[in-house]
$ cat work08.txt   # compact mmCIF, C-alpha atoms
# COMPACT_ATOMS: atom_id res chain seq x y z
CA MET N 111 4.54 -41.90 -27.76
CA LYS N 112 3.74 -38.48 -29.27
CA ASN N 113 0.45 -38.29 -27.34
CA PHE N 114 2.30 -38.84 -24.07
CA ILE N 115 4.65 -35.97 -24.81
CA LYS N 116 1.77 -33.66 -25.74
CA LYS N 117 -0.12 -34.53 -22.55
CA GLU N 118 2.97 -33.93 -20.49
CA ASN N 119 3.53 -30.53 -22.14
CA GLY N 120 -0.08 -29.64 -21.38
CA VAL N 121 0.45 -30.48 -17.73
CA ILE N 122 3.62 -28.42 -17.63
CA THR N 123 1.83 -25.51 -19.30
CA LEU N 124 -1.02 -25.70 -16.77
CA PHE N 125 1.49 -25.81 -13.94
CA VAL N 126 3.31 -22.74 -15.32
CA LEU N 127 0.03 -20.86 -15.73
CA LEU N 128 -1.02 -21.68 -12.19
CA ALA N 129 2.38 -20.64 -10.86
CA CYS N 130 2.12 -17.32 -12.74
CA LEU N 131 -1.39 -16.80 -11.37
CA PHE N 132 -0.18 -17.50 -7.84
CA ILE N 133 2.72 -15.06 -8.22
CA ALA N 134 0.36 -12.43 -9.67
CA LEU N 135 -2.00 -12.84 -6.70
CA ILE N 136 0.90 -12.45 -4.27
CA LEU N 137 2.08 -9.29 -6.06
CA ILE N 138 -1.45 -7.85 -6.02
CA GLY N 139 -1.69 -8.57 -2.30
CA VAL N 140 1.63 -6.87 -1.60
CA TYR N 141 0.60 -3.87 -3.71
CA LEU N 142 -2.73 -3.50 -1.90
CA SER N 143 -1.03 -3.87 1.47
CA ASN N 144 1.49 -1.14 0.61
CA LEU N 145 -1.28 1.08 -0.75
CA ASN N 146 -3.25 0.70 2.48
CA ARG N 147 -0.15 1.42 4.57
CA LEU N 148 0.55 4.54 2.48
CA GLN N 149 -3.01 5.81 2.99
CA VAL N 150 -2.72 5.35 6.75
CA GLN N 151 0.64 7.14 6.73
CA GLU N 152 -0.82 10.04 4.72
CA GLN N 153 -3.68 10.36 7.22
CA ASP N 154 -1.18 10.45 10.08
CA VAL N 155 0.86 13.17 8.36
CA LYS N 156 -2.29 15.20 7.70
CA GLN N 157 -3.31 14.90 11.36
CA ILE N 158 0.16 15.99 12.52
CA GLN N 159 0.04 18.99 10.18
CA GLU N 160 -3.39 19.99 11.48
CA ASN N 161 -2.25 19.67 15.09
CA TYR N 162 0.88 21.71 14.34
CA ALA N 163 -1.15 24.47 12.67
CA LYS N 164 -3.53 24.55 15.64
CA GLU N 165 -0.66 24.78 18.12
CA ILE N 166 1.02 27.58 16.13
CA ASN N 167 -2.28 29.45 16.11
CA ASP N 168 -2.60 28.96 19.89
CA VAL N 169 0.95 30.22 20.44
CA GLU N 170 0.25 33.31 18.32
CA GLU N 171 -2.91 34.04 20.35
CA ILE N 172 -1.02 33.66 23.63
CA TYR N 173 1.74 35.96 22.32
CA LYS N 174 -0.85 38.58 21.35
CA LYS N 175 -2.40 38.45 24.81
CA LEU N 176 1.01 38.81 26.47
CA THR N 177 2.02 41.80 24.34
CA GLU N 178 -1.20 43.74 24.98

$ encode --input "work08.txt" --output "structure tokens"
Amino acid sequence: MKNFIKKENGVITLFVLLACLFIALILIGVYLSNLNRLQVQEQDVKQIQENYAKEINDVEEIYKKLTE
């Protein structure tokens, strides 16, 4: 009878470990997905800033030409 209980506890422990591993893998996947999304968003912001700086520079050049 004691061996049956020990075997059953071993199965429960294995199940719990596998469930924890599965949850950990899901959390890692969500983290990597968010990290990738953040990198893409940072690239977009950098591109917008570069375009804005270029347009401001163009406007300043046009203003200089008009005031001459």

$ atom_distance --input "work08.txt" --atom1 "atom CA of Leu131 of chain N" --atom2 "atom CA of Leu145 of chain N"
20.8 Å

$ atom_distance --input "work08.txt" --atom1 "atom CA of Asn146 of chain N" --atom2 "atom CA of Glu165 of chain N"
28.8 Å

$ atom_distance --input "work08.txt" --atom1 "atom CA of Leu128 of chain N" --atom2 "atom CA of Asn144 of chain N"
24.3 Å

$ axis_aligned_box --input "work08.txt" --around "segment 165-168 of chain N" --padding-each-side "3 Å" --output "JSON"
{"center_x": -0.8, "center_y": 27.1, "center_z": 18.0, "size_x": 9.6, "size_y": 10.7, "size_z": 9.8}

$ build_atoms --input "work08.txt" --residues "segment 123-150 of chain N" --atoms "N, CA and C atoms" --output "PDB file, in the coordinates of the input"
ATOM      1  N   THR N 123       2.394 -26.816 -18.988  1.00  0.00           N
ATOM      2  CA  THR N 123       1.830 -25.510 -19.300  1.00  0.00           C
ATOM      3  C   THR N 123       0.829 -25.099 -18.229  1.00  0.00           C
ATOM      4  N   LEU N 124      -0.042 -25.995 -17.812  1.00  0.00           N
ATOM      5  CA  LEU N 124      -1.020 -25.700 -16.770  1.00  0.00           C
ATOM      6  C   LEU N 124      -0.310 -25.360 -15.469  1.00  0.00           C
ATOM      7  N   PHE N 125       0.719 -26.096 -15.156  1.00  0.00           N
ATOM      8  CA  PHE N 125       1.490 -25.810 -13.940  1.00  0.00           C
ATOM      9  C   PHE N 125       2.122 -24.415 -14.004  1.00  0.00           C
ATOM     10  N   VAL N 126       2.693 -24.062 -15.156  1.00  0.00           N
ATOM     11  CA  VAL N 126       3.310 -22.740 -15.320  1.00  0.00           C
ATOM     12  C   VAL N 126       2.259 -21.651 -15.207  1.00  0.00           C
ATOM     13  N   LEU N 127       1.102 -21.854 -15.812  1.00  0.00           N
ATOM     14  CA  LEU N 127       0.030 -20.860 -15.730  1.00  0.00           C
ATOM     15  C   LEU N 127      -0.450 -20.684 -14.289  1.00  0.00           C
ATOM     16  N   LEU N 128      -0.594 -21.761 -13.580  1.00  0.00           N
ATOM     17  CA  LEU N 128      -1.020 -21.680 -12.190  1.00  0.00           C
ATOM     18  C   LEU N 128       0.040 -20.995 -11.324  1.00  0.00           C
ATOM     19  N   ALA N 129       1.293 -21.286 -11.605  1.00  0.00           N
ATOM     20  CA  ALA N 129       2.380 -20.640 -10.860  1.00  0.00           C
ATOM     21  C   ALA N 129       2.387 -19.138 -11.145  1.00  0.00           C
ATOM     22  N   CYS N 130       2.183 -18.744 -12.386  1.00  0.00           N
ATOM     23  CA  CYS N 130       2.120 -17.320 -12.740  1.00  0.00           C
ATOM     24  C   CYS N 130       0.931 -16.650 -12.067  1.00  0.00           C
ATOM     25  N   LEU N 131      -0.201 -17.334 -12.036  1.00  0.00           N
ATOM     26  CA  LEU N 131      -1.390 -16.800 -11.370  1.00  0.00           C
ATOM     27  C   LEU N 131      -1.128 -16.614  -9.886  1.00  0.00           C
ATOM     28  N   PHE N 132      -0.506 -17.581  -9.268  1.00  0.00           N
ATOM     29  CA  PHE N 132      -0.180 -17.500  -7.840  1.00  0.00           C
ATOM     30  C   PHE N 132       0.754 -16.333  -7.564  1.00  0.00           C
ATOM     31  N   ILE N 133       1.780 -16.174  -8.390  1.00  0.00           N
ATOM     32  CA  ILE N 133       2.720 -15.060  -8.220  1.00  0.00           C
ATOM     33  C   ILE N 133       1.996 -13.726  -8.425  1.00  0.00           C
ATOM     34  N   ALA N 134       1.116 -13.666  -9.426  1.00  0.00           N
ATOM     35  CA  ALA N 134       0.360 -12.430  -9.670  1.00  0.00           C
ATOM     36  C   ALA N 134      -0.513 -12.089  -8.470  1.00  0.00           C
ATOM     37  N   LEU N 135      -1.155 -13.075  -7.872  1.00  0.00           N
ATOM     38  CA  LEU N 135      -2.000 -12.840  -6.700  1.00  0.00           C
ATOM     39  C   LEU N 135      -1.167 -12.345  -5.515  1.00  0.00           C
ATOM     40  N   ILE N 136       0.003 -12.904  -5.349  1.00  0.00           N
ATOM     41  CA  ILE N 136       0.900 -12.450  -4.270  1.00  0.00           C
ATOM     42  C   ILE N 136       1.308 -10.999  -4.508  1.00  0.00           C
ATOM     43  N   LEU N 137       1.673 -10.665  -5.741  1.00  0.00           N
ATOM     44  CA  LEU N 137       2.080  -9.290  -6.060  1.00  0.00           C
ATOM     45  C   LEU N 137       0.932  -8.314  -5.861  1.00  0.00           C
ATOM     46  N   ILE N 138      -0.278  -8.705  -6.231  1.00  0.00           N
ATOM     47  CA  ILE N 138      -1.450  -7.850  -6.020  1.00  0.00           C
ATOM     48  C   ILE N 138      -1.669  -7.640  -4.526  1.00  0.00           C
ATOM     49  N   GLY N 139      -1.528  -8.686  -3.753  1.00  0.00           N
ATOM     50  CA  GLY N 139      -1.690  -8.570  -2.300  1.00  0.00           C
ATOM     51  C   GLY N 139      -0.662  -7.641  -1.685  1.00  0.00           C
ATOM     52  N   VAL N 140       0.574  -7.749  -2.111  1.00  0.00           N
ATOM     53  CA  VAL N 140       1.630  -6.870  -1.600  1.00  0.00           C
ATOM     54  C   VAL N 140       1.351  -5.431  -1.999  1.00  0.00           C
ATOM     55  N   TYR N 141       0.921  -5.218  -3.231  1.00  0.00           N
ATOM     56  CA  TYR N 141       0.600  -3.870  -3.710  1.00  0.00           C
ATOM     57  C   TYR N 141      -0.532  -3.257  -2.884  1.00  0.00           C
ATOM     58  N   LEU N 142      -1.599  -4.014  -2.669  1.00  0.00           N
ATOM     59  CA  LEU N 142      -2.730  -3.500  -1.900  1.00  0.00           C
ATOM     60  C   LEU N 142      -2.339  -3.226  -0.452  1.00  0.00           C
ATOM     61  N   SER N 143      -1.497  -4.077   0.108  1.00  0.00           N
ATOM     62  CA  SER N 143      -1.030  -3.870   1.470  1.00  0.00           C
ATOM     63  C   SER N 143      -0.216  -2.575   1.573  1.00  0.00           C
ATOM     64  N   ASN N 144       0.673  -2.357   0.625  1.00  0.00           N
ATOM     65  CA  ASN N 144       1.490  -1.140   0.610  1.00  0.00           C
ATOM     66  C   ASN N 144       0.621   0.091   0.378  1.00  0.00           C
ATOM     67  N   LEU N 145      -0.379  -0.036  -0.479  1.00  0.00           N
ATOM     68  CA  LEU N 145      -1.280   1.080  -0.750  1.00  0.00           C
ATOM     69  C   LEU N 145      -2.051   1.451   0.516  1.00  0.00           C
ATOM     70  N   ASN N 146      -2.534   0.454   1.238  1.00  0.00           N
ATOM     71  CA  ASN N 146      -3.250   0.700   2.480  1.00  0.00           C
ATOM     72  C   ASN N 146      -2.330   1.351   3.515  1.00  0.00           C
ATOM     73  N   ARG N 147      -1.119   0.859   3.629  1.00  0.00           N
ATOM     74  CA  ARG N 147      -0.150   1.420   4.570  1.00  0.00           C
ATOM     75  C   ARG N 147       0.171   2.875   4.212  1.00  0.00           C
ATOM     76  N   LEU N 148       0.280   3.175   2.925  1.00  0.00           N
ATOM     77  CA  LEU N 148       0.550   4.540   2.480  1.00  0.00           C
ATOM     78  C   LEU N 148      -0.609   5.465   2.824  1.00  0.00           C
ATOM     79  N   GLN N 149      -1.845   4.991   2.654  1.00  0.00           N
ATOM     80  CA  GLN N 149      -3.010   5.810   2.990  1.00  0.00           C
ATOM     81  C   GLN N 149      -3.044   6.116   4.484  1.00  0.00           C
ATOM     82  N   VAL N 150      -2.743   5.137   5.306  1.00  0.00           N
ATOM     83  CA  VAL N 150      -2.720   5.350   6.750  1.00  0.00           C
ATOM     84  C   VAL N 150      -1.627   6.355   7.103  1.00  0.00           C
TER      85      VAL N 150
END
